[in-house]
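Q: So that you have it, the file is model_20.txt, and it contains compact mmCIF, C-alpha atoms and all ligand atoms:
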```
# COMPACT_ATOMS: atom_id res chain seq x y z
CA MET I 257 0.00 0.00 0.00
CA ARG I 258 1.32 3.42 -0.97
CA TRP I 259 -1.10 5.41 1.17
CA LEU I 260 -1.41 3.45 4.40
CA THR I 261 0.68 1.61 6.95
CA PRO I 262 -0.64 -1.91 7.81
CA GLY I 263 -2.33 -0.44 10.92
CA GLY I 264 -3.72 2.38 8.81
CA LEU I 265 -5.21 -0.15 6.40
CA VAL I 266 -6.97 -1.97 9.26
CA ALA I 267 -8.31 1.37 10.57
CA ALA I 268 -9.48 2.40 7.08
CA CYS I 269 -11.35 -0.90 6.72
CA ALA I 270 -12.99 -0.33 10.12
CA VAL I 271 -14.10 3.15 9.04
CA GLY I 272 -15.43 1.77 5.75
CA ILE I 273 -17.35 -0.99 7.53
CA GLY I 274 -18.85 1.50 10.02
CA VAL I 275 -20.04 3.77 7.21
CA ALA I 276 -21.30 0.88 5.04
CA TRP I 277 -23.09 -0.70 8.01
CA GLY I 278 -24.93 2.54 8.70
CA PHE I 279 -25.71 3.77 5.20
CA GLY I 280 -24.59 1.30 2.54
CA TRP I 281 -23.27 2.51 -0.79
CA PRO I 282 -24.42 6.15 -0.49
CA GLY I 283 -22.29 6.44 2.65
CA LEU I 284 -19.33 4.80 0.92
CA VAL I 285 -19.68 7.19 -2.05
CA VAL I 286 -19.42 10.22 0.27
CA LEU I 287 -16.45 8.66 2.09
CA ALA I 288 -14.76 7.81 -1.22
CA ALA I 289 -15.24 11.41 -2.42
CA PHE I 290 -13.26 12.57 0.63
CA LEU I 291 -10.48 10.00 0.20
CA LEU I 292 -10.09 10.28 -3.59
CA SER I 293 -10.25 14.09 -3.73
CA GLY I 294 -7.71 14.31 -0.91
CA SER I 295 -5.15 12.02 -2.52
CA LEU I 296 -5.72 13.65 -5.92
CA LEU I 297 -5.02 17.10 -4.50
CA THR I 298 -1.95 15.80 -2.68
CA GLN I 299 -0.62 14.53 -6.00
CA LEU I 300 -1.46 17.82 -7.74
CA ALA I 301 0.44 19.69 -5.04
CA GLU I 302 3.29 17.25 -5.73
CA ARG I 303 3.61 16.61 -2.06
CA ARG I 304 4.86 13.23 -0.98
CA ALA I 305 2.64 12.46 1.95
CA PRO I 306 3.95 9.83 4.37
CA ARG I 307 1.81 6.72 4.67
CA ARG I 308 -1.10 7.24 7.05
CA THR I 309 -1.08 5.45 10.38
CA ALA I 310 -4.13 4.02 12.17
CA ARG I 311 -4.15 7.04 14.47
CA GLN I 312 -4.26 9.45 11.49
CA VAL I 313 -7.01 7.47 9.74
CA LEU I 314 -9.17 7.39 12.87
CA ALA I 315 -8.52 11.10 13.52
CA ASN I 316 -10.07 11.89 10.13
CA GLY I 317 -12.65 9.11 9.74
CA GLY I 318 -13.43 7.81 13.24
CA VAL I 319 -16.20 10.28 14.06
CA ALA I 320 -17.90 9.71 10.68
CA ALA I 321 -17.76 5.93 11.15
CA VAL I 322 -19.30 6.05 14.64
CA ALA I 323 -21.97 8.57 13.53
CA ALA I 324 -22.90 6.37 10.54
CA PHE I 325 -22.91 3.26 12.72
CA LEU I 326 -25.33 5.05 15.09
CA GLY I 327 -27.53 6.04 12.15
CA SER I 328 -26.99 9.81 11.88
CA TRP I 329 -26.48 10.68 8.23
CA ALA I 330 -26.21 14.38 9.14
CA ALA I 331 -23.45 13.87 11.74
CA ALA I 332 -21.50 11.47 9.52
CA ALA I 333 -21.74 13.84 6.54
CA GLY I 334 -20.79 16.81 8.74
CA ALA I 335 -17.68 14.99 9.98
CA ILE I 336 -16.66 14.05 6.43
CA ALA I 337 -17.32 17.62 5.24
CA ALA I 338 -15.00 18.91 7.98
CA ALA I 339 -12.23 16.41 7.15
CA THR I 340 -12.56 17.26 3.44
CA ALA I 341 -12.48 21.00 4.11
CA ASP I 342 -9.25 20.59 6.14
CA THR I 343 -7.59 18.52 3.43
CA TRP I 344 -8.62 20.80 0.55
CA ALA I 345 -7.57 23.86 2.58
CA THR I 346 -4.11 22.42 3.24
CA GLU I 347 -3.51 21.32 -0.34
CA SER I 348 -4.86 24.43 -2.08
CA GLY I 349 -3.15 26.69 0.47
CA ALA I 350 0.15 25.25 -0.74
CA PHE I 351 -0.41 27.16 -4.01
CA SER I 352 -0.92 30.50 -2.26
CA PRO I 353 1.53 33.15 -3.44
CA ILE I 354 0.99 34.97 -0.13
CA PRO I 355 2.41 33.35 3.04
CA PRO I 356 -0.11 32.31 5.70
CA ARG I 357 -1.11 34.33 8.75
CA LEU I 358 -2.02 32.88 12.11
CA VAL I 359 -5.84 32.79 12.43
CA THR I 360 -5.68 34.30 15.95
CA SER I 361 -2.98 37.01 16.02
CA TRP I 362 -2.76 37.58 12.22
CA ARG I 363 1.04 37.28 12.56
CA ARG I 364 2.83 35.91 9.45
CA VAL I 365 3.91 32.29 9.89
CA THR I 366 5.87 29.86 7.74
CA ARG I 367 3.98 27.55 5.39
CA GLY I 368 2.61 24.42 7.02
CA THR I 369 2.35 25.96 10.49
CA SER I 370 -0.79 24.72 12.25
CA GLY I 371 -3.27 27.56 12.66
CA GLY I 372 -1.88 29.44 9.67
CA ILE I 373 -4.45 30.36 7.01
CA THR I 374 -4.42 31.84 3.50
CA ALA I 375 -7.29 33.22 1.40
CA LEU I 376 -6.71 30.56 -1.25
CA GLY I 377 -6.63 27.74 1.31
CA THR I 378 -9.81 28.99 2.99
CA LEU I 379 -11.61 29.20 -0.37
CA GLY I 380 -10.37 25.72 -1.26
CA GLY I 381 -11.57 24.38 2.08
CA ALA I 382 -15.00 25.94 1.63
CA ALA I 383 -15.19 24.38 -1.86
CA GLY I 384 -14.36 20.98 -0.33
CA ALA I 385 -17.08 21.40 2.31
CA ALA I 386 -19.57 22.44 -0.38
CA THR I 387 -18.71 19.44 -2.57
CA ILE I 388 -19.35 16.95 0.24
CA ALA I 389 -22.46 18.89 1.31
CA TRP I 390 -23.89 18.71 -2.21
CA LEU I 391 -23.12 14.98 -2.52
CA ALA I 392 -24.47 14.13 0.95
CA HIS I 393 -27.59 16.21 0.35
CA ALA I 394 -28.21 14.50 -2.99
CA LEU I 395 -27.59 10.96 -1.66
CA ALA I 396 -29.34 11.35 1.72
CA PRO I 397 -31.44 8.29 2.54
CA ARG I 398 -35.20 8.77 2.86
CA GLY I 399 -36.02 10.49 6.13
CA HIS I 400 -32.50 11.91 6.51
CA ALA I 401 -32.46 15.24 4.75
CA PRO I 402 -29.84 17.60 6.13
CA GLY I 403 -29.83 20.84 4.14
CA PHE I 404 -26.98 21.68 1.82
CA ALA I 405 -26.24 24.92 3.72
CA THR I 406 -26.21 23.10 7.09
CA LEU I 407 -23.68 20.54 5.86
CA ALA I 408 -21.48 23.10 4.10
CA GLY I 409 -21.57 25.25 7.24
CA ALA I 410 -20.63 22.23 9.35
CA GLY I 411 -17.59 21.59 7.16
CA VAL I 412 -16.46 25.21 7.35
CA ALA I 413 -17.01 25.26 11.14
CA GLY I 414 -14.81 22.16 11.45
CA MET I 415 -12.10 23.78 9.34
CA LEU I 416 -12.25 26.91 11.52
CA ALA I 417 -12.05 24.82 14.70
CA ASP I 418 -9.00 23.07 13.25
CA SER I 419 -7.24 26.40 12.60
CA LEU I 420 -8.20 27.87 15.98
CA LEU I 421 -7.01 24.82 17.93
CA GLY I 422 -3.90 24.63 15.77
CA ALA I 423 -3.08 28.24 16.61
CA THR I 424 -3.80 28.01 20.33
CA LEU I 425 -3.85 24.70 22.20
CA GLN I 426 -1.90 22.45 19.84
CA GLY I 427 1.55 21.56 21.17
CA LYS I 428 4.43 23.36 19.42
CA TYR I 429 8.08 22.46 19.91
CA GLU I 430 11.50 24.04 19.44
CA CYS I 431 15.05 22.71 19.21
CA PRO I 432 16.92 24.11 22.24
CA ALA I 433 20.11 24.39 20.17
CA CYS I 434 18.97 26.08 16.93
CA ASP I 435 15.43 27.40 17.59
CA ALA I 436 13.96 25.40 14.66
CA ARG I 437 10.24 24.84 15.21
CA PHE I 438 8.46 21.48 15.12
CA GLU I 439 4.95 20.09 15.63
CA ARG I 440 5.93 16.58 16.70
CA GLY I 441 7.10 16.11 20.25
CA ASN I 442 9.19 13.03 19.47
CA THR I 443 11.45 14.92 17.04
CA VAL I 444 15.21 15.05 17.62
CA CYS I 445 16.94 17.99 15.88
CA HIS I 446 20.33 18.86 17.39
CA GLU I 447 18.77 17.73 20.68
CA PRO I 448 15.32 16.38 21.57
CA VAL I 449 12.83 19.20 20.96
CA ARG I 450 11.22 21.09 23.83
CA LEU I 451 7.55 22.11 24.24
CA THR I 452 7.19 25.89 23.85
CA THR I 453 3.42 26.45 23.68
CA GLY I 454 0.22 24.41 23.77
CA ARG I 455 -0.57 21.02 25.24
CA ARG I 456 1.62 17.99 24.73
CA TRP I 457 -1.39 15.66 24.29
CA LEU I 458 -3.02 17.87 21.65
CA ASP I 459 -1.12 16.99 18.48
CA ASN I 460 -2.21 17.35 14.86
CA ASP I 461 -4.23 14.10 14.96
CA ALA I 462 -6.12 15.17 18.09
CA VAL I 463 -6.89 18.52 16.44
CA ASN I 464 -8.22 16.75 13.32
CA PHE I 465 -10.37 14.53 15.50
CA ALA I 466 -11.80 17.57 17.33
CA ALA I 467 -12.48 19.31 14.00
CA THR I 468 -14.50 16.36 12.67
CA LEU I 469 -16.38 16.25 15.99
CA VAL I 470 -17.29 19.94 15.55
CA GLY I 471 -18.43 19.23 11.97
CA ALA I 472 -20.60 16.33 13.16
CA ALA I 473 -22.09 18.34 16.04
CA VAL I 474 -22.93 21.40 13.90
CA ALA I 475 -24.58 19.22 11.24
CA ALA I 476 -26.54 17.18 13.80
CA ILE I 477 -27.75 20.26 15.70
CA GLY I 478 -28.60 22.10 12.47
CA THR I 479 -30.58 19.12 11.22
CA HIS I 480 -32.23 17.55 14.26
CA VAL I 481 -32.91 20.50 16.56
CA PRO I 482 -36.18 22.23 15.57
CA HIS I 483 -35.73 25.89 14.66
ZN ZN I 501 18.37 22.06 16.03
```
Would you mind writing the structure in this file as structure tokens?

A:
Amino acid sequence: MRWLTPGGLVAACAVGIGVAWGFGWPGLVVLAAFLLSGSLLTQLAERRAPRRTARQVLANGGVAAVAAFLGSWAAAAGAIAAATADTWATESGAFSPIPPRLVTSWRRVTRGTSGGITALGTLGGAAGAATIAWLAHALAPRGHAPGFATLAGAGVAGMLADSLLGATLQGKYECPACDARFERGNTVCHEPVRLTTGRRWLDNDAVNFAATLVGAAVAAIGTHVPH
């Protein structure tokens, strides 16, 4: 497998089974749209993504699988819309001629910094959320009819939560010897890196998981709570 570690493959199968159990082929079509569009954009950006681990797969697809398994089309679609928005935002942001700014302080940051946003990346993310929203609205099983705007909004809310958490609570690290910055706590530069801001337990995977949870919650509330 080029895309997944062996553990990642097992996790991906579990996510697929959860979604298929809940909603059959329409669920799998929405999930496939997320996976295929993501890997296509990664190839377009000519980025060589490392193979995904089980933890990374579950961070992006776990909430959708559980929501589908429990029978909420809206929550599952909202989670997938959020994961798609994040992926599209990252990949299209790579083409931005203007360097990103931190979503909180508006300070310029280097490309790839968590919490950094660009106009192009944000537009790309919104387009990703809208694509999943359109598909999930069109394929919704009888009796499950989340609105297009609710689902697109859920995806954008998830993307925003991802940036906000990335800028604030996500753990950021620095090499004590050369001041190079890192986002993985187990990195060794000249010396083992040291935590400078954020929480050690809140890494990129945990932030992705929280973002999909926000997407699921916004979609479920927007659909099931009477206005
Ligand atoms: Zn160093």

Q: Counting only C-alpha atoms and all ligand atoms, what residues are within 6 Å of ligand ZN 501 (chain I), given as a PyMOL selection string?

A: chain I and resi 431+433-434+436+445-446

Q: Near Leu421 in chain I, counting only C-alpha atoms, which residues have an atom at most 9 Å away, once you skip same-chain residues fewer than 6 positions from it, shown as an mmCIF file with C-alpha atoms, in the coordinates of the input?

A:
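File written: part31.cif
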```cif
data_model
loop_
_atom_site.group_PDB
_atom_site.id
_atom_site.type_symbol
_atom_site.label_atom_id
_atom_site.label_comp_id
_atom_site.auth_asym_id
_atom_site.auth_seq_id
_atom_site.Cartn_x
_atom_site.Cartn_y
_atom_site.Cartn_z
ATOM 1 C CA SER I 370 -0.790 24.720 12.250
ATOM 2 C CA GLY I 371 -3.270 27.560 12.660
ATOM 3 C CA LEU I 458 -3.020 17.870 21.650
ATOM 4 C CA VAL I 463 -6.890 18.520 16.440
ATOM 5 C CA ALA I 466 -11.800 17.570 17.330
ATOM 6 C CA ALA I 467 -12.480 19.310 14.000
#
```

Q: Give me the residues within 10 Å of Leu416 in chain I as a ChimeraX atom specification, counting only C-alpha atoms and dropping any in the same chain fewer than 6 places off.

A: /I:338,341-342,359,371,373,378,381,410,422,467,470-471

Q: Please identify all polymer residues within 9 Å of range 321-326 of chain I, counting all atoms listed in the file, omitting same-chain residues fewer than 6 positions from it, and present them as a PDB file with C-alpha atoms, in the coordinates of the input.

A:
```pdb
ATOM      1  CA  ALA I 270     -12.990  -0.330  10.120  1.00  0.00           C
ATOM      2  CA  VAL I 271     -14.100   3.150   9.040  1.00  0.00           C
ATOM      3  CA  GLY I 272     -15.430   1.770   5.750  1.00  0.00           C
ATOM      4  CA  ILE I 273     -17.350  -0.990   7.530  1.00  0.00           C
ATOM      5  CA  GLY I 274     -18.850   1.500  10.020  1.00  0.00           C
ATOM      6  CA  VAL I 275     -20.040   3.770   7.210  1.00  0.00           C
ATOM      7  CA  ALA I 276     -21.300   0.880   5.040  1.00  0.00           C
ATOM      8  CA  TRP I 277     -23.090  -0.700   8.010  1.00  0.00           C
ATOM      9  CA  GLY I 278     -24.930   2.540   8.700  1.00  0.00           C
ATOM     10  CA  PHE I 279     -25.710   3.770   5.200  1.00  0.00           C
ATOM     11  CA  GLY I 283     -22.290   6.440   2.650  1.00  0.00           C
ATOM     12  CA  LEU I 314      -9.170   7.390  12.870  1.00  0.00           C
ATOM     13  CA  ALA I 332     -21.500  11.470   9.520  1.00  0.00           C
ATOM     14  CA  ALA I 333     -21.740  13.840   6.540  1.00  0.00           C
ATOM     15  CA  ALA I 335     -17.680  14.990   9.980  1.00  0.00           C
ATOM     16  CA  ALA I 472     -20.600  16.330  13.160  1.00  0.00           C
TER      17      ALA I 472
END
```

Q: Given all atoms listed in the file as the basis, pick out the residue of I:Ala320, I:Gly380, I:Leu420, I:Trp329 nearest to Gly294 in chain I.

A: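 Going through I:Ala320, I:Gly380, I:Leu420, I:Trp329 one by one, the smallest distance to Gly294 in chain I is for I:Gly380.
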
Q: So, with only C-alpha atoms as the atoms that count, which of I:Leu391, I:Leu379, I:Leu260, I:Ile477 lies closest to Phe290 in chain I?

A: I:Leu391

Q: Can you measure CA of Phe438 in chain I to CA of Leu358 in chain I for me? One decimal in Å is fine.

A: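 CA of Phe438 in chain I sits 15.8 Å away from CA of Leu358 in chain I.
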
Q: If we count only C-alpha atoms, what is near Arg307 in chain I at a cut-off of 8 Å, once residues fewer than 5 positions away on the same chain are taken out, given as an MDAnalysis selection string?

A: chainID I and resid 258:261

Q: Can range 307-343 of chain I be brought up to N, CA and C atoms and written out as a PDB file, in the coordinates of the input?

A:
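The result, stored in part-v1.pdb:
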```pdb
ATOM      1  N   ARG I 307       2.942   7.638   4.552  1.00  0.00           N
ATOM      2  CA  ARG I 307       1.810   6.720   4.670  1.00  0.00           C
ATOM      3  C   ARG I 307       1.071   6.963   5.980  1.00  0.00           C
ATOM      4  N   ARG I 308      -0.265   6.916   5.888  1.00  0.00           N
ATOM      5  CA  ARG I 308      -1.100   7.240   7.050  1.00  0.00           C
ATOM      6  C   ARG I 308      -1.125   6.089   8.040  1.00  0.00           C
ATOM      7  N   THR I 309      -1.015   6.451   9.319  1.00  0.00           N
ATOM      8  CA  THR I 309      -1.080   5.450  10.380  1.00  0.00           C
ATOM      9  C   THR I 309      -2.538   5.276  10.809  1.00  0.00           C
ATOM     10  N   ALA I 310      -2.775   4.265  11.648  1.00  0.00           N
ATOM     11  CA  ALA I 310      -4.130   4.020  12.170  1.00  0.00           C
ATOM     12  C   ALA I 310      -4.648   5.251  12.905  1.00  0.00           C
ATOM     13  N   ARG I 311      -3.757   5.876  13.688  1.00  0.00           N
ATOM     14  CA  ARG I 311      -4.150   7.040  14.470  1.00  0.00           C
ATOM     15  C   ARG I 311      -4.618   8.169  13.544  1.00  0.00           C
ATOM     16  N   GLN I 312      -3.896   8.387  12.436  1.00  0.00           N
ATOM     17  CA  GLN I 312      -4.260   9.450  11.490  1.00  0.00           C
ATOM     18  C   GLN I 312      -5.582   9.135  10.789  1.00  0.00           C
ATOM     19  N   VAL I 313      -5.774   7.875  10.419  1.00  0.00           N
ATOM     20  CA  VAL I 313      -7.010   7.470   9.740  1.00  0.00           C
ATOM     21  C   VAL I 313      -8.203   7.678  10.666  1.00  0.00           C
ATOM     22  N   LEU I 314      -8.059   7.258  11.929  1.00  0.00           N
ATOM     23  CA  LEU I 314      -9.170   7.390  12.870  1.00  0.00           C
ATOM     24  C   LEU I 314      -9.423   8.854  13.235  1.00  0.00           C
ATOM     25  N   ALA I 315      -8.352   9.664  13.237  1.00  0.00           N
ATOM     26  CA  ALA I 315      -8.520  11.100  13.520  1.00  0.00           C
ATOM     27  C   ALA I 315      -9.395  11.758  12.472  1.00  0.00           C
ATOM     28  N   ASN I 316      -9.291  11.291  11.222  1.00  0.00           N
ATOM     29  CA  ASN I 316     -10.070  11.890  10.130  1.00  0.00           C
ATOM     30  C   ASN I 316     -11.404  11.191   9.891  1.00  0.00           C
ATOM     31  N   GLY I 317     -11.447   9.862  10.105  1.00  0.00           N
ATOM     32  CA  GLY I 317     -12.650   9.110   9.740  1.00  0.00           C
ATOM     33  C   GLY I 317     -13.397   8.477  10.887  1.00  0.00           C
ATOM     34  N   GLY I 318     -12.835   8.514  12.100  1.00  0.00           N
ATOM     35  CA  GLY I 318     -13.430   7.810  13.240  1.00  0.00           C
ATOM     36  C   GLY I 318     -14.812   8.352  13.612  1.00  0.00           C
ATOM     37  N   VAL I 319     -14.924   9.679  13.664  1.00  0.00           N
ATOM     38  CA  VAL I 319     -16.200  10.280  14.060  1.00  0.00           C
ATOM     39  C   VAL I 319     -17.279   9.943  13.023  1.00  0.00           C
ATOM     40  N   ALA I 320     -16.936  10.021  11.742  1.00  0.00           N
ATOM     41  CA  ALA I 320     -17.900   9.710  10.680  1.00  0.00           C
ATOM     42  C   ALA I 320     -18.356   8.260  10.781  1.00  0.00           C
ATOM     43  N   ALA I 321     -17.409   7.346  11.060  1.00  0.00           N
ATOM     44  CA  ALA I 321     -17.760   5.930  11.150  1.00  0.00           C
ATOM     45  C   ALA I 321     -18.720   5.669  12.300  1.00  0.00           C
ATOM     46  N   VAL I 322     -18.431   6.254  13.468  1.00  0.00           N
ATOM     47  CA  VAL I 322     -19.300   6.050  14.640  1.00  0.00           C
ATOM     48  C   VAL I 322     -20.667   6.672  14.382  1.00  0.00           C
ATOM     49  N   ALA I 323     -20.692   7.894  13.810  1.00  0.00           N
ATOM     50  CA  ALA I 323     -21.970   8.570  13.530  1.00  0.00           C
ATOM     51  C   ALA I 323     -22.812   7.738  12.555  1.00  0.00           C
ATOM     52  N   ALA I 324     -22.170   7.186  11.523  1.00  0.00           N
ATOM     53  CA  ALA I 324     -22.900   6.370  10.540  1.00  0.00           C
ATOM     54  C   ALA I 324     -23.405   5.095  11.202  1.00  0.00           C
ATOM     55  N   PHE I 325     -22.537   4.484  12.017  1.00  0.00           N
ATOM     56  CA  PHE I 325     -22.910   3.260  12.720  1.00  0.00           C
ATOM     57  C   PHE I 325     -24.127   3.505  13.601  1.00  0.00           C
ATOM     58  N   LEU I 326     -24.203   4.701  14.209  1.00  0.00           N
ATOM     59  CA  LEU I 326     -25.330   5.050  15.090  1.00  0.00           C
ATOM     60  C   LEU I 326     -26.530   5.558  14.302  1.00  0.00           C
ATOM     61  N   GLY I 327     -26.380   5.706  12.981  1.00  0.00           N
ATOM     62  CA  GLY I 327     -27.530   6.040  12.150  1.00  0.00           C
ATOM     63  C   GLY I 327     -27.776   7.517  11.899  1.00  0.00           C
ATOM     64  N   SER I 328     -26.791   8.387  12.191  1.00  0.00           N
ATOM     65  CA  SER I 328     -26.990   9.810  11.880  1.00  0.00           C
ATOM     66  C   SER I 328     -26.263  10.179  10.597  1.00  0.00           C
ATOM     67  N   TRP I 329     -27.039  10.277   9.522  1.00  0.00           N
ATOM     68  CA  TRP I 329     -26.480  10.680   8.230  1.00  0.00           C
ATOM     69  C   TRP I 329     -25.907  12.097   8.328  1.00  0.00           C
ATOM     70  N   ALA I 330     -26.647  12.980   9.025  1.00  0.00           N
ATOM     71  CA  ALA I 330     -26.210  14.380   9.140  1.00  0.00           C
ATOM     72  C   ALA I 330     -24.861  14.465   9.834  1.00  0.00           C
ATOM     73  N   ALA I 331     -24.704  13.785  10.989  1.00  0.00           N
ATOM     74  CA  ALA I 331     -23.450  13.870  11.740  1.00  0.00           C
ATOM     75  C   ALA I 331     -22.297  13.254  10.954  1.00  0.00           C
ATOM     76  N   ALA I 332     -22.565  12.117  10.303  1.00  0.00           N
ATOM     77  CA  ALA I 332     -21.500  11.470   9.520  1.00  0.00           C
ATOM     78  C   ALA I 332     -21.074  12.376   8.368  1.00  0.00           C
ATOM     79  N   ALA I 333     -22.058  12.958   7.667  1.00  0.00           N
ATOM     80  CA  ALA I 333     -21.740  13.840   6.540  1.00  0.00           C
ATOM     81  C   ALA I 333     -21.023  15.098   7.023  1.00  0.00           C
ATOM     82  N   GLY I 334     -21.441  15.626   8.183  1.00  0.00           N
ATOM     83  CA  GLY I 334     -20.790  16.810   8.740  1.00  0.00           C
ATOM     84  C   GLY I 334     -19.329  16.543   9.069  1.00  0.00           C
ATOM     85  N   ALA I 335     -19.061  15.352   9.636  1.00  0.00           N
ATOM     86  CA  ALA I 335     -17.680  14.990   9.980  1.00  0.00           C
ATOM     87  C   ALA I 335     -16.844  14.852   8.706  1.00  0.00           C
ATOM     88  N   ILE I 336     -17.408  14.227   7.681  1.00  0.00           N
ATOM     89  CA  ILE I 336     -16.660  14.050   6.430  1.00  0.00           C
ATOM     90  C   ILE I 336     -16.458  15.407   5.733  1.00  0.00           C
ATOM     91  N   ALA I 337     -17.461  16.273   5.826  1.00  0.00           N
ATOM     92  CA  ALA I 337     -17.320  17.620   5.240  1.00  0.00           C
ATOM     93  C   ALA I 337     -16.186  18.378   5.916  1.00  0.00           C
ATOM     94  N   ALA I 338     -16.069  18.226   7.244  1.00  0.00           N
ATOM     95  CA  ALA I 338     -15.000  18.910   7.980  1.00  0.00           C
ATOM     96  C   ALA I 338     -13.630  18.359   7.590  1.00  0.00           C
ATOM     97  N   ALA I 339     -13.512  17.034   7.515  1.00  0.00           N
ATOM     98  CA  ALA I 339     -12.230  16.410   7.150  1.00  0.00           C
ATOM     99  C   ALA I 339     -11.836  16.822   5.726  1.00  0.00           C
ATOM    100  N   THR I 340     -12.826  16.874   4.833  1.00  0.00           N
ATOM    101  CA  THR I 340     -12.560  17.260   3.440  1.00  0.00           C
ATOM    102  C   THR I 340     -12.127  18.718   3.364  1.00  0.00           C
ATOM    103  N   ALA I 341     -12.826  19.577   4.115  1.00  0.00           N
ATOM    104  CA  ALA I 341     -12.480  21.000   4.110  1.00  0.00           C
ATOM    105  C   ALA I 341     -11.034  21.196   4.575  1.00  0.00           C
ATOM    106  N   ASP I 342     -10.636  20.488   5.632  1.00  0.00           N
ATOM    107  CA  ASP I 342      -9.250  20.590   6.140  1.00  0.00           C
ATOM    108  C   ASP I 342      -8.250  20.178   5.069  1.00  0.00           C
ATOM    109  N   THR I 343      -8.532  19.044   4.430  1.00  0.00           N
ATOM    110  CA  THR I 343      -7.590  18.520   3.430  1.00  0.00           C
ATOM    111  C   THR I 343      -7.481  19.470   2.242  1.00  0.00           C
TER     112      THR I 343
END
```
